[in-house]
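K.L.:
This is final13.tsv, which holds TSV, C-alpha atoms and all ligand atoms:
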```tsv
chain	number	residue	atom	x	y	z
A	13	MET	CA	1.34	-9.21	-28.15
A	14	THR	CA	-1.41	-11.68	-29.04
A	15	ASP	CA	-2.76	-12.43	-25.59
A	16	THR	CA	-6.10	-11.64	-24.00
A	17	TRP	CA	-6.08	-9.69	-20.72
A	18	LEU	CA	-8.87	-9.30	-18.21
A	19	VAL	CA	-8.96	-5.68	-17.01
A	20	THR	CA	-10.81	-5.39	-13.70
A	21	GLY	CA	-12.14	-1.85	-13.34
A	22	GLY	CA	-11.77	-1.30	-17.10
A	23	ALA	CA	-14.78	1.05	-17.15
A	24	GLY	CA	-12.85	3.39	-14.85
A	25	TYR	CA	-10.58	6.32	-15.67
A	26	ILE	CA	-7.22	4.49	-15.67
A	27	GLY	CA	-8.60	1.08	-16.69
A	28	ALA	CA	-10.13	2.47	-19.89
A	29	HIS	CA	-6.72	3.88	-20.84
A	30	VAL	CA	-5.06	0.54	-20.05
A	31	VAL	CA	-7.52	-1.23	-22.40
A	32	ARG	CA	-6.54	1.15	-25.21
A	33	SER	CA	-2.81	0.67	-24.56
A	34	LEU	CA	-3.25	-3.10	-24.63
A	35	GLN	CA	-5.09	-2.86	-27.94
A	36	ALA	CA	-2.42	-0.55	-29.38
A	37	ALA	CA	0.15	-3.22	-28.45
A	38	GLY	CA	-1.87	-5.86	-30.36
A	39	ALA	CA	-3.40	-7.58	-27.32
A	40	GLN	CA	-7.10	-8.19	-26.70
A	41	ALA	CA	-8.91	-7.04	-23.60
A	42	VAL	CA	-12.02	-8.10	-21.70
A	43	VAL	CA	-13.41	-5.82	-18.99
A	44	ILE	CA	-15.10	-6.80	-15.75
A	45	ASP	CA	-16.58	-3.92	-13.78
A	46	ASP	CA	-19.44	-3.39	-11.32
A	47	LEU	CA	-19.90	0.21	-12.57
A	48	SER	CA	-19.76	1.49	-8.98
A	49	THR	CA	-17.68	4.46	-10.19
A	50	GLY	CA	-17.06	3.41	-13.80
A	51	ASP	CA	-18.92	4.37	-16.96
A	52	LEU	CA	-19.96	1.82	-19.55
A	53	ARG	CA	-19.51	4.38	-22.34
A	54	ARG	CA	-15.76	4.04	-21.89
A	55	VAL	CA	-15.88	0.33	-22.77
A	56	GLU	CA	-15.60	-0.87	-26.38
A	57	VAL	CA	-14.43	-4.46	-25.74
A	58	PRO	CA	-16.22	-7.56	-24.39
A	59	PHE	CA	-17.74	-6.55	-21.06
A	60	VAL	CA	-18.84	-8.51	-18.00
A	61	GLU	CA	-20.87	-6.57	-15.47
A	62	GLY	CA	-20.16	-7.86	-12.01
A	63	ASP	CA	-18.31	-7.61	-8.76
A	64	ILE	CA	-14.85	-9.17	-8.60
A	65	ALA	CA	-15.85	-10.49	-5.18
A	66	ASP	CA	-17.89	-13.05	-7.16
A	67	ARG	CA	-15.19	-15.71	-7.46
A	68	GLU	CA	-17.22	-18.05	-9.68
A	69	LEU	CA	-18.09	-15.25	-12.10
A	70	VAL	CA	-14.42	-14.24	-12.34
A	71	ALA	CA	-13.21	-17.84	-12.76
A	72	ASP	CA	-15.85	-18.45	-15.50
A	73	THR	CA	-14.84	-15.25	-17.26
A	74	LEU	CA	-11.16	-16.25	-17.15
A	75	ARG	CA	-11.96	-19.65	-18.66
A	76	GLN	CA	-14.52	-18.53	-21.24
A	77	HIS	CA	-12.32	-15.81	-22.69
A	78	ARG	CA	-9.11	-17.88	-22.43
A	79	ILE	CA	-7.50	-15.09	-20.43
A	80	THR	CA	-3.69	-14.93	-20.34
A	81	GLY	CA	-3.40	-12.56	-17.41
A	82	VAL	CA	-5.19	-9.98	-15.30
A	83	VAL	CA	-4.65	-6.24	-14.92
A	84	HIS	CA	-6.33	-5.51	-11.61
A	85	LEU	CA	-7.53	-1.95	-11.10
A	86	ALA	CA	-10.99	-2.46	-9.56
A	87	ALA	CA	-10.83	-0.83	-6.15
A	88	ASP	CA	-12.01	2.11	-4.10
A	89	LYS	CA	-9.48	4.95	-3.97
A	90	GLN	CA	-10.51	7.83	-1.76
A	91	VAL	CA	-8.28	8.46	1.22
A	92	ALA	CA	-10.80	10.49	3.26
A	93	GLU	CA	-13.57	7.94	2.65
A	94	SER	CA	-11.21	5.14	3.71
A	95	MET	CA	-10.68	6.92	7.05
A	96	ARG	CA	-14.46	7.08	7.60
A	97	HIS	CA	-15.20	3.54	6.35
A	98	PRO	CA	-12.11	1.40	6.90
A	99	LEU	CA	-14.03	-1.89	6.88
A	100	ALA	CA	-15.53	-1.11	3.47
A	101	TYR	CA	-12.02	-0.43	2.15
A	102	TYR	CA	-10.60	-3.65	3.56
A	103	ARG	CA	-13.56	-5.53	2.08
A	104	ARG	CA	-13.42	-3.94	-1.37
A	105	ASN	CA	-9.63	-3.68	-1.75
A	106	VAL	CA	-8.30	-6.64	0.24
A	107	PHE	CA	-11.04	-9.28	0.44
A	108	ASN	CA	-11.92	-8.75	-3.23
A	109	LEU	CA	-8.28	-9.21	-4.22
A	110	MET	CA	-8.23	-12.49	-2.27
A	111	GLN	CA	-11.29	-13.61	-4.24
A	112	LEU	CA	-9.61	-12.61	-7.49
A	113	LEU	CA	-6.38	-14.46	-6.64
A	114	ASP	CA	-8.42	-17.51	-5.75
A	115	ALA	CA	-10.35	-17.37	-9.05
A	116	MET	CA	-7.07	-16.98	-10.96
A	117	ALA	CA	-5.57	-20.02	-9.23
A	118	GLN	CA	-8.78	-21.98	-9.92
A	119	ALA	CA	-8.65	-21.09	-13.64
A	120	GLY	CA	-4.86	-21.54	-13.94
A	121	VAL	CA	-4.17	-17.87	-14.82
A	122	ALA	CA	-0.70	-16.98	-13.54
A	123	LYS	CA	0.08	-13.40	-14.62
A	124	LEU	CA	-1.02	-10.27	-12.78
A	125	VAL	CA	-0.41	-6.53	-12.98
A	126	PHE	CA	-1.64	-4.81	-9.83
A	127	SER	CA	-2.61	-1.15	-9.30
A	128	SER	CA	-0.75	-0.13	-6.20
A	129	SER	CA	-0.17	3.42	-5.06
A	130	ALA	CA	2.44	5.85	-3.74
A	131	ALA	CA	0.12	5.92	-0.70
A	132	VAL	CA	1.97	2.79	0.52
A	133	TYR	CA	4.95	4.99	1.50
A	134	GLY	CA	3.20	7.34	3.92
A	135	MET	CA	5.49	10.08	5.23
A	136	VAL	CA	8.54	10.28	2.98
A	137	ASP	CA	11.85	11.61	4.27
A	138	SER	CA	13.89	11.80	1.06
A	139	ALA	CA	13.76	14.07	-2.01
A	140	GLN	CA	12.82	11.08	-4.17
A	141	VAL	CA	11.37	7.82	-2.95
A	142	ARG	CA	12.76	4.48	-4.13
A	143	GLU	CA	10.84	1.23	-4.10
A	144	ASP	CA	12.87	0.02	-1.09
A	145	HIS	CA	11.91	3.07	1.03
A	146	PRO	CA	10.09	1.93	4.21
A	147	THR	CA	6.37	1.51	3.61
A	148	GLN	CA	4.36	3.08	6.43
A	149	PRO	CA	0.98	4.09	5.01
A	150	ILE	CA	-0.92	6.63	7.07
A	151	ASN	CA	-4.49	5.81	6.04
A	152	PRO	CA	-6.60	2.69	5.42
A	153	TYR	CA	-6.52	3.22	1.63
A	154	GLY	CA	-2.70	3.03	1.57
A	155	GLU	CA	-2.79	0.10	3.99
A	156	THR	CA	-5.13	-1.88	1.73
A	157	LYS	CA	-2.79	-1.32	-1.23
A	158	LEU	CA	0.24	-2.46	0.80
A	159	ILE	CA	-1.58	-5.53	2.06
A	160	GLY	CA	-2.52	-6.20	-1.57
A	161	GLU	CA	1.17	-6.23	-2.50
A	162	TRP	CA	1.89	-8.67	0.36
A	163	LEU	CA	-0.97	-10.98	-0.63
A	164	ILE	CA	0.24	-11.10	-4.21
A	165	ARG	CA	3.86	-11.69	-3.19
A	166	ASP	CA	2.86	-14.57	-0.89
A	167	GLN	CA	0.58	-16.11	-3.50
A	168	ALA	CA	3.44	-15.83	-6.02
A	169	ARG	CA	5.78	-17.70	-3.64
A	170	ALA	CA	3.21	-20.41	-3.14
A	171	THR	CA	1.90	-20.85	-6.67
A	172	GLY	CA	4.39	-19.41	-9.15
A	173	LEU	CA	2.13	-16.45	-9.98
A	174	ARG	CA	4.13	-13.83	-11.92
A	175	PHE	CA	3.35	-10.23	-11.04
A	176	ALA	CA	4.19	-6.57	-11.35
A	177	ALA	CA	2.84	-4.16	-8.74
A	178	LEU	CA	2.79	-0.60	-10.07
A	179	ARG	CA	2.87	2.15	-7.46
A	180	TYR	CA	1.09	4.99	-9.23
A	181	PHE	CA	1.94	8.55	-8.19
A	182	ASN	CA	-0.55	11.38	-8.96
A	183	VAL	CA	-2.41	10.44	-12.12
A	184	ALA	CA	-3.69	13.25	-14.35
A	185	GLY	CA	-4.73	14.16	-17.90
A	186	THR	CA	-6.51	12.08	-20.48
A	187	ALA	CA	-5.70	10.56	-23.88
A	188	ALA	CA	-9.22	11.30	-25.19
A	189	PRO	CA	-11.96	13.59	-23.82
A	190	GLU	CA	-14.42	10.72	-23.28
A	191	LEU	CA	-11.91	8.88	-21.05
A	192	GLY	CA	-11.33	11.78	-18.63
A	193	ASP	CA	-11.33	11.44	-14.84
A	194	LEU	CA	-14.87	11.71	-13.45
A	195	GLY	CA	-13.58	11.58	-9.86
A	196	ARG	CA	-13.26	14.91	-8.09
A	197	SER	CA	-10.79	14.01	-5.33
A	198	ASN	CA	-7.52	14.81	-7.14
A	199	LEU	CA	-5.93	18.27	-7.19
A	200	ILE	CA	-6.51	19.25	-10.83
A	201	PRO	CA	-10.26	18.36	-10.93
A	202	MET	CA	-10.65	20.11	-7.55
A	203	VAL	CA	-9.18	23.31	-8.98
A	204	PHE	CA	-11.47	23.05	-12.03
A	205	ASP	CA	-14.47	22.59	-9.72
A	206	ALA	CA	-13.55	25.67	-7.67
A	207	LEU	CA	-13.32	27.71	-10.89
A	208	ALA	CA	-16.68	26.35	-12.11
A	209	ARG	CA	-18.30	27.46	-8.83
A	210	GLY	CA	-16.68	30.89	-9.12
A	211	ASP	CA	-14.59	30.19	-5.98
A	212	GLN	CA	-10.85	30.40	-5.47
A	213	PRO	CA	-9.11	27.04	-4.88
A	214	VAL	CA	-7.78	26.41	-1.39
A	215	ILE	CA	-4.21	25.21	-0.85
A	216	PHE	CA	-3.80	23.05	2.24
A	217	GLY	CA	-0.80	24.52	4.03
A	218	GLY	CA	1.66	27.19	2.86
A	219	ARG	CA	4.48	26.57	5.33
A	220	HIS	CA	5.75	23.15	4.34
A	221	PRO	CA	9.55	22.75	4.02
A	222	THR	CA	9.40	23.05	0.21
A	223	PRO	CA	10.61	25.85	-2.12
A	224	ASP	CA	7.27	27.73	-2.15
A	225	GLY	CA	5.83	26.31	1.08
A	226	THR	CA	3.12	24.21	-0.61
A	227	CYS	CA	3.17	20.41	-0.92
A	228	VAL	CA	5.15	18.88	-3.79
A	229	ARG	CA	3.83	15.89	-5.74
A	230	ASP	CA	4.83	13.84	-8.79
A	231	PHE	CA	2.21	13.95	-11.57
A	232	ILE	CA	2.03	11.26	-14.24
A	233	HIS	CA	-0.04	11.40	-17.43
A	234	VAL	CA	-2.59	8.57	-17.53
A	235	GLN	CA	-1.47	7.57	-21.04
A	236	ASP	CA	2.13	7.12	-19.86
A	237	LEU	CA	0.82	5.16	-16.88
A	238	ALA	CA	-1.28	2.92	-19.13
A	239	ASP	CA	1.75	2.27	-21.34
A	240	ALA	CA	3.73	1.27	-18.23
A	241	HIS	CA	1.24	-1.61	-17.75
A	242	VAL	CA	2.01	-2.92	-21.22
A	243	ALA	CA	5.74	-2.60	-20.56
A	244	ALA	CA	5.34	-4.44	-17.24
A	245	ILE	CA	3.42	-7.27	-18.92
A	246	ALA	CA	6.49	-7.97	-21.07
A	247	THR	CA	8.43	-8.96	-17.91
A	248	LEU	CA	5.87	-11.60	-16.93
A	249	ASP	CA	7.13	-14.14	-19.45
A	250	SER	CA	10.14	-14.84	-17.21
A	251	PRO	CA	9.56	-17.54	-14.59
A	252	GLY	CA	9.63	-16.10	-11.07
A	253	ALA	CA	8.92	-12.54	-12.26
A	254	GLY	CA	7.86	-10.41	-9.32
A	255	HIS	CA	8.40	-6.68	-9.56
A	256	VAL	CA	7.40	-3.54	-7.73
A	257	PHE	CA	7.77	-0.35	-9.76
A	258	ASN	CA	7.21	3.32	-9.01
A	259	VAL	CA	5.32	4.95	-11.87
A	260	GLY	CA	5.81	8.70	-11.80
A	261	CYS	CA	7.76	11.31	-13.74
A	262	GLY	CA	10.54	11.63	-11.17
A	263	ARG	CA	9.94	15.39	-11.02
A	264	GLY	CA	7.97	17.25	-8.40
A	265	TYR	CA	5.55	20.14	-8.88
A	266	SER	CA	4.24	22.16	-5.99
A	267	VAL	CA	0.50	22.65	-5.55
A	268	ARG	CA	1.03	26.34	-6.32
A	269	GLU	CA	2.85	25.49	-9.58
A	270	VAL	CA	0.02	23.18	-10.63
A	271	ILE	CA	-2.53	25.94	-9.97
A	272	GLU	CA	-0.39	28.37	-11.98
A	273	MET	CA	-0.42	25.86	-14.85
A	274	VAL	CA	-4.22	25.65	-14.66
A	275	ALA	CA	-4.36	29.48	-14.83
A	276	GLU	CA	-2.08	29.49	-17.87
A	277	VAL	CA	-3.93	26.74	-19.74
A	278	SER	CA	-7.43	28.02	-18.92
A	279	GLY	CA	-6.64	31.71	-19.38
A	280	ARG	CA	-8.32	32.38	-15.99
A	281	SER	CA	-6.78	34.50	-13.31
A	282	ILE	CA	-6.54	32.44	-10.10
A	283	ALA	CA	-5.64	33.73	-6.64
A	284	PRO	CA	-5.62	30.60	-4.44
A	285	LEU	CA	-6.40	30.88	-0.74
A	286	VAL	CA	-4.01	29.24	1.70
A	287	GLY	CA	-5.74	27.19	4.40
A	288	GLU	CA	-4.53	24.97	7.21
A	289	ALA	CA	-2.24	22.05	6.35
A	290	ARG	CA	-4.04	18.69	6.45
A	291	PRO	CA	-2.76	16.43	9.21
A	292	GLY	CA	-0.66	13.60	7.83
A	293	ASP	CA	-0.10	15.24	4.41
A	294	PRO	CA	3.56	14.58	3.53
A	295	ALA	CA	5.38	17.74	2.34
A	296	MET	CA	6.94	16.08	-0.67
A	297	VAL	CA	6.40	12.76	-2.49
A	298	VAL	CA	8.35	12.33	-5.71
A	299	ALA	CA	9.19	9.02	-7.40
A	300	ASP	CA	12.66	7.71	-8.02
A	301	THR	CA	12.05	6.09	-11.41
A	302	ALA	CA	15.48	4.49	-11.93
A	303	HIS	CA	14.13	0.94	-11.43
A	304	ILE	CA	11.30	1.11	-13.97
A	305	SER	CA	13.38	2.90	-16.60
A	306	ALA	CA	16.32	0.47	-16.23
A	307	THR	CA	14.15	-2.67	-16.15
A	308	LEU	CA	11.40	-1.82	-18.63
A	309	GLY	CA	12.98	0.97	-20.69
A	310	TRP	CA	9.78	2.92	-19.90
A	311	ARG	CA	9.86	6.70	-19.75
A	312	PRO	CA	7.03	9.23	-19.44
A	313	ARG	CA	6.41	11.28	-22.61
A	314	HIS	CA	3.89	13.88	-21.41
A	315	ASP	CA	4.57	16.92	-19.22
A	316	LEU	CA	2.41	18.74	-16.69
A	317	ARG	CA	1.15	21.22	-19.30
A	318	GLU	CA	-0.24	18.36	-21.40
A	319	MET	CA	-1.85	16.77	-18.34
A	320	VAL	CA	-3.63	20.00	-17.44
A	321	ARG	CA	-4.45	20.87	-21.06
A	322	SER	CA	-6.03	17.50	-21.86
A	323	ALA	CA	-8.00	17.45	-18.60
A	324	TRP	CA	-9.24	21.02	-19.14
A	325	HIS	CA	-10.47	20.30	-22.67
A	326	ALA	CA	-12.15	17.05	-21.55
A	327	GLN	CA	-14.40	18.92	-19.11
A	328	PRO	CA	-17.51	19.59	-21.23
A	329	GLN	CA	-17.75	15.91	-22.21
A	330	GLN	CA	-17.21	14.82	-18.63
A	331	LEU	CA	-19.87	17.15	-17.35
A	332	SER	CA	-22.40	15.75	-19.81
A	333	ALA	CA	-21.36	12.18	-18.86
A	334	ALA	CA	-21.78	12.95	-15.15
A	335	GLN	CA	-25.20	14.60	-15.76
A	336	SER	CA	-26.73	11.85	-17.91
B	1	LIG	N1	-6.40	7.95	-9.92
B	1	LIG	C1	-5.29	7.98	-9.19
B	1	LIG	O1	-4.68	9.05	-9.00
B	1	LIG	C2	-4.73	6.70	-8.59
B	1	LIG	C3	-3.51	6.76	-7.90
B	1	LIG	C4	-2.98	5.58	-7.34
B	1	LIG	C5	-3.65	4.38	-7.51
B	1	LIG	N2	-4.85	4.35	-8.18
B	1	LIG	C6	-5.53	3.06	-8.33
B	1	LIG	O2	-5.87	2.85	-9.68
B	1	LIG	C7	-7.05	2.05	-9.78
B	1	LIG	C8	-8.02	2.69	-10.75
B	1	LIG	O3	-8.29	4.00	-10.31
B	1	LIG	P1	-9.15	5.04	-11.18
B	1	LIG	O4	-8.61	6.38	-10.88
B	1	LIG	O5	-9.25	4.58	-12.58
B	1	LIG	O6	-10.56	4.91	-10.44
B	1	LIG	P2	-12.02	4.70	-11.03
B	1	LIG	O7	-12.94	4.82	-9.86
B	1	LIG	O8	-12.25	5.58	-12.21
B	1	LIG	O9	-11.96	3.20	-11.54
B	1	LIG	C9	-12.18	2.07	-10.71
B	1	LIG	C10	-13.08	1.12	-11.49
B	1	LIG	O10	-13.22	-0.11	-10.77
B	1	LIG	C11	-14.60	-0.45	-10.73
B	1	LIG	N3	-14.78	-1.26	-9.51
B	1	LIG	C12	-14.55	-0.88	-8.22
B	1	LIG	N4	-14.79	-1.91	-7.39
B	1	LIG	C13	-15.17	-2.96	-8.16
B	1	LIG	C14	-15.52	-4.31	-7.88
B	1	LIG	N5	-15.57	-4.78	-6.62
B	1	LIG	N6	-15.83	-5.13	-8.92
B	1	LIG	C15	-15.81	-4.67	-10.20
B	1	LIG	N7	-15.47	-3.41	-10.52
B	1	LIG	C16	-15.16	-2.56	-9.51
B	1	LIG	C17	-15.35	0.86	-10.74
B	1	LIG	O11	-16.68	0.77	-11.19
B	1	LIG	C18	-14.47	1.68	-11.70
B	1	LIG	O12	-14.88	1.48	-13.05
B	1	LIG	C19	-7.57	1.88	-8.35
B	1	LIG	O13	-7.14	0.62	-7.88
B	1	LIG	C20	-6.86	2.99	-7.59
B	1	LIG	O14	-6.68	2.67	-6.24
B	1	LIG	C21	-5.40	5.49	-8.73
```
Would it be possible to restate this file's structure as structure tokens?
Ligand SMILES: NC(=O)c1ccc[n+]([C@@H]2O[C@H](COP(=O)([O-])OP(=O)(O)OC[C@H]3O[C@@H](n4cnc5c(N)ncnc54)[C@H](O)[C@@H]3O)[C@@H](O)[C@H]2O)c1
P.N.:
Amino acid sequence: MTDTWLVTGGAGYIGAHVVRSLQAAGAQAVVIDDLSTGDLRRVEVPFVEGDIADRELVADTLRQHRITGVVHLAADKQVAESMRHPLAYYRRNVFNLMQLLDAMAQAGVAKLVFSSSAAVYGMVDSAQVREDHPTQPINPYGETKLIGEWLIRDQARATGLRFAALRYFNVAGTAAPELGDLGRSNLIPMVFDALARGDQPVIFGGRHPTPDGTCVRDFIHVQDLADAHVAAIATLDSPGAGHVFNVGCGRGYSVREVIEMVAEVSGRSIAPLVGEARPGDPAMVVADTAHISATLGWRPRHDLREMVRSAWHAQPQQLSAAQS
């Protein structure tokens, strides 16, 4: 690959991994980020500090760096926050995407990979969820991601934009300690935090209709996810390309199994407490990955142990990054 890609949100956890995967594939990357949750120390490529809502700044960046296509990750991602501040989520995740699409059209950039989410599905009623499963998100965050997919699809129909929307499942692990997840809203960092405080982690609900009664989720290593972006980019050379792919492992782990893996990797003894189930938490969300593996030949290479191991060993560096 000899192209140059603009990575929005490239100072973030996943974006920084995407930049490295692009480079490993021989492409160049430019990052635009407002550093609202990102960290500049993750960025080792040309960097533009700014908000993607700034259409002129984005259009100038696209032209100046002769950008081939955009990988769009810049967004807010916390479900609970989106319930408290829905307008902020619509502004940051939907309005900003409109600005980005406008800037791309203005600069004649016609390839896009979009960070979507398994949150677009909402309550899932099958063991594995396929891309054609009904999309009924149950929170504003998931709604903004689904609307994002619609916006992109409509813009593609109107302008010939080529796109791949990747529905990420539960992202975990790190390829390098300095790229680890600084966010604390996902299960594995939450368990680490409880251990650091000397508390026991709390499991939300122990009576779900799953083998051990706790929720089941599909965890994907961030390096595998980043590589899926590069694989998706390869499809964008075909006129009319417009894909939606699940990106998960296709295997579910229960919350209890994940906590047991943290105990094993960390050598700590953990006795989780079981609290009330959270309203609207689906019992089981696991990806059907047939479409992405058949179309892109992509397959995950890392297992849950590696996700937990890499995240655990990244902690001291992350703590110092968060403190400085
Ligand atoms: N982490 C997950 O488990 C997960 C799961 C599904 C989907 N996603 C999606 O993946 C994307 C990246 O998530 P992440 O985990 O790397 O989060 P992150 O917070 O680490 O990264 C987001 C980056 O975008 C930047 N940003 C946000 N709004 C911006 C704006 N308006 N202009 C410029 N930069 C902006 C932030 O500063 C940050 O660097 C998001 O779109 C998120 O919704 C993440």
K.L.:
Between CA of Ala299 (chain A) and CA of Ala275 (chain A), what is the distance, to one decimal in Å?
P.N.:
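Taking CA of Ala299 (chain A) as the start and CA of Ala275 (chain A) as the end point, the length is 25.6 Å.
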K.L.:
Neighbouring residues of ligand LIG 1 (chain B) are defined here as those with any atom at most 7 Å from a ligand atom, counting only C-alpha atoms and all ligand atoms; list them as number ranges by chain.
P.N.:
A: 20-27, 44-51, 62-65, 85-89, 104, 108, 127-130, 179-184, 193-195, 198
K.L.:
Identify which of the residues A:Val60, A:Val274, A:Ala238, A:Leu18 lies closest to Ala37 (chain A), counting all atoms listed in the file when measuring atom-to-atom distances.
P.N.:
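Among the listed residues, A:Ala238 lies closest to Ala37 (chain A).
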K.L.:
One decimal, Å: what's the distance from CA of Thr301 (chain A) over to CA of Asp15 (chain A), could you say?
P.N.:
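It comes out at 27.6 Å.
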K.L.:
Need to verify the contact set: region 282-296 of chain A, 9 Å, all atoms listed in the file, exclusion of same-chain residues closer than 2 positions in sequence. Can you return it as number ranges by chain?
P.N.:
A: 134-140, 150-151, 207, 212-222, 225-230, 264, 266, 268, 271-272, 274-275, 280, 298
K.L.:
Got a sec: who's within 6 Å of region 316-320 of chain A, counting all atoms listed in the file, leaving out chain neighbours fewer than 4 positions off, as JSON, numbers by chain?
P.N.:
{"A": [184, 185, 233, 324]}
K.L.:
Quick one: everything within 9 Å of His303 (chain A), counting only C-alpha atoms, minus sequence neighbours fewer than 5 positions away in the same chain. Send it as a list in words.
P.N.:
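The contact residues come out as Arg142, Glu143, Val256, Phe257, Asn258 and Leu308 of chain A.
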K.L.:
Could you take the residues named above and write them with C-alpha atoms, as a PDB file, in the coordinates of the input?
P.N.:
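Output file result27.pdb is given in full below:
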```pdb
ATOM      1  CA  ARG A 142      12.760   4.480  -4.130  1.00  0.00           C
ATOM      2  CA  GLU A 143      10.840   1.230  -4.100  1.00  0.00           C
ATOM      3  CA  VAL A 256       7.400  -3.540  -7.730  1.00  0.00           C
ATOM      4  CA  PHE A 257       7.770  -0.350  -9.760  1.00  0.00           C
ATOM      5  CA  ASN A 258       7.210   3.320  -9.010  1.00  0.00           C
ATOM      6  CA  LEU A 308      11.400  -1.820 -18.630  1.00  0.00           C
TER       7      LEU A 308
END
```
K.L.:
Neighbouring residues of Val106 (chain A) were defined as those with any atom within 10 Å, considering all atoms listed in the file; residues of the same chain fewer than 2 positions away were excluded. Please report them as a list of chain:residue names.
P.N.:
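Those residues are A:Ala87, A:Leu99, A:Ala100, A:Tyr101, A:Tyr102, A:Arg103, A:Arg104, A:Asn108, A:Leu109, A:Met110, A:Gln111, A:Leu112, A:Glu155, A:Thr156, A:Lys157, A:Leu158, A:Ile159, A:Gly160, A:Glu161, A:Leu163.
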K.L.:
Find the residues near Ile79 (chain A): any atom within 10 Å, counting only C-alpha atoms, skip ones fewer than 4 places away on the same chain, and give them as a ChimeraX atom specification.
P.N.:
/A:15-18,40-42,71,73-75,116,119-123
K.L.:
Taking all atoms listed in the file into account, name the residue in A:Gln118, A:Thr14, A:Gln235, A:Ser322 that is nearest to Leu69 (chain A).
P.N.:
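Using all atoms listed in the file, Leu69 (chain A) sits closest to A:Gln118.
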K.L.:
Using only C-alpha atoms for the distances, tell me which of A:Ser197, A:Thr147, A:Ser94, A:Gln35 is nearest to Tyr133 (chain A).
P.N.:
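Closest to Tyr133 (chain A), using only C-alpha atoms: A:Thr147.
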K.L.:
Rank nothing, just name the residue among A:Met202, A:Ala243, A:Ala28, A:Ile164 nearest to Arg311 (chain A), using only C-alpha atoms.
P.N.:
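Of all the options, A:Ala243 lies closest to Arg311 (chain A).
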K.L.:
Considering all atoms listed in the file, state which residue in the set A:Ala188, A:Ala177, A:Met13, A:Val19 is at the smallest distance from Ala244 (chain A).
P.N.:
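Using all atoms listed in the file, the shortest distance to Ala244 (chain A) belongs to A:Ala177.
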K.L.:
Padding 5 Å on each side, edges along x, y and z: where is the centre of the box around the listed atoms of region 250-267 of chain A, and how long are its edges in Å to one decimal? Output it as JSON.
P.N.:
```
{"center_x": 5.5, "center_y": 2.6, "center_z": -11.4, "size_x": 20.0, "size_y": 50.2, "size_z": 21.7}
```
K.L.:
Quote the spacing between CA of Asp315 (chain A) and CA of Ile232 (chain A) in Å to one decimal place.
P.N.:
8.0 Å
K.L.:
Using only C-alpha atoms, which residue out of A:Ser281, A:Arg263, A:Phe126, A:Asp224 lies closest to Gly210 (chain A)?
P.N.:
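Closest residue, counting only C-alpha atoms: A:Ser281.
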K.L.:
Give as a VMD selection string every residue, naming chains and numbers as the document does, that has an atom within 6 Å of (5.5, -14.4, -9.6), counting all atoms listed in the file.
P.N.:
chain A and resid 168 172 to 175 252 to 254
K.L.:
Mind dumping the selected residues with C-alpha atoms as a short mmCIF file (atom, residue, chain, number, x, y, z; two decimals), in the frame of the given file?
P.N.:
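So selection.cif came out as:
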```
data_model
loop_
_atom_site.label_atom_id
_atom_site.label_comp_id
_atom_site.auth_asym_id
_atom_site.auth_seq_id
_atom_site.Cartn_x
_atom_site.Cartn_y
_atom_site.Cartn_z
CA ALA A 168 3.44 -15.83 -6.02
CA GLY A 172 4.39 -19.41 -9.15
CA LEU A 173 2.13 -16.45 -9.98
CA ARG A 174 4.13 -13.83 -11.92
CA PHE A 175 3.35 -10.23 -11.04
CA GLY A 252 9.63 -16.10 -11.07
CA ALA A 253 8.92 -12.54 -12.26
CA GLY A 254 7.86 -10.41 -9.32
#
```
K.L.:
At most 10 Å from (-12.7, 23.0, -14.8), file frame, all atoms listed in the file: which residues, as a ChimeraX atom specification?
P.N.:
/A:200-209,274,278,320,323-328,331
K.L.:
Please dump the current selection as an mmCIF file, in the coordinates of the input; keep C-alpha atoms.
P.N.:
```
data_model
loop_
_atom_site.group_PDB
_atom_site.id
_atom_site.type_symbol
_atom_site.label_atom_id
_atom_site.label_comp_id
_atom_site.auth_asym_id
_atom_site.auth_seq_id
_atom_site.Cartn_x
_atom_site.Cartn_y
_atom_site.Cartn_z
ATOM 1 C CA ILE A 200 -6.510 19.250 -10.830
ATOM 2 C CA PRO A 201 -10.260 18.360 -10.930
ATOM 3 C CA MET A 202 -10.650 20.110 -7.550
ATOM 4 C CA VAL A 203 -9.180 23.310 -8.980
ATOM 5 C CA PHE A 204 -11.470 23.050 -12.030
ATOM 6 C CA ASP A 205 -14.470 22.590 -9.720
ATOM 7 C CA ALA A 206 -13.550 25.670 -7.670
ATOM 8 C CA LEU A 207 -13.320 27.710 -10.890
ATOM 9 C CA ALA A 208 -16.680 26.350 -12.110
ATOM 10 C CA ARG A 209 -18.300 27.460 -8.830
ATOM 11 C CA VAL A 274 -4.220 25.650 -14.660
ATOM 12 C CA SER A 278 -7.430 28.020 -18.920
ATOM 13 C CA VAL A 320 -3.630 20.000 -17.440
ATOM 14 C CA ALA A 323 -8.000 17.450 -18.600
ATOM 15 C CA TRP A 324 -9.240 21.020 -19.140
ATOM 16 C CA HIS A 325 -10.470 20.300 -22.670
ATOM 17 C CA ALA A 326 -12.150 17.050 -21.550
ATOM 18 C CA GLN A 327 -14.400 18.920 -19.110
ATOM 19 C CA PRO A 328 -17.510 19.590 -21.230
ATOM 20 C CA LEU A 331 -19.870 17.150 -17.350
#
```
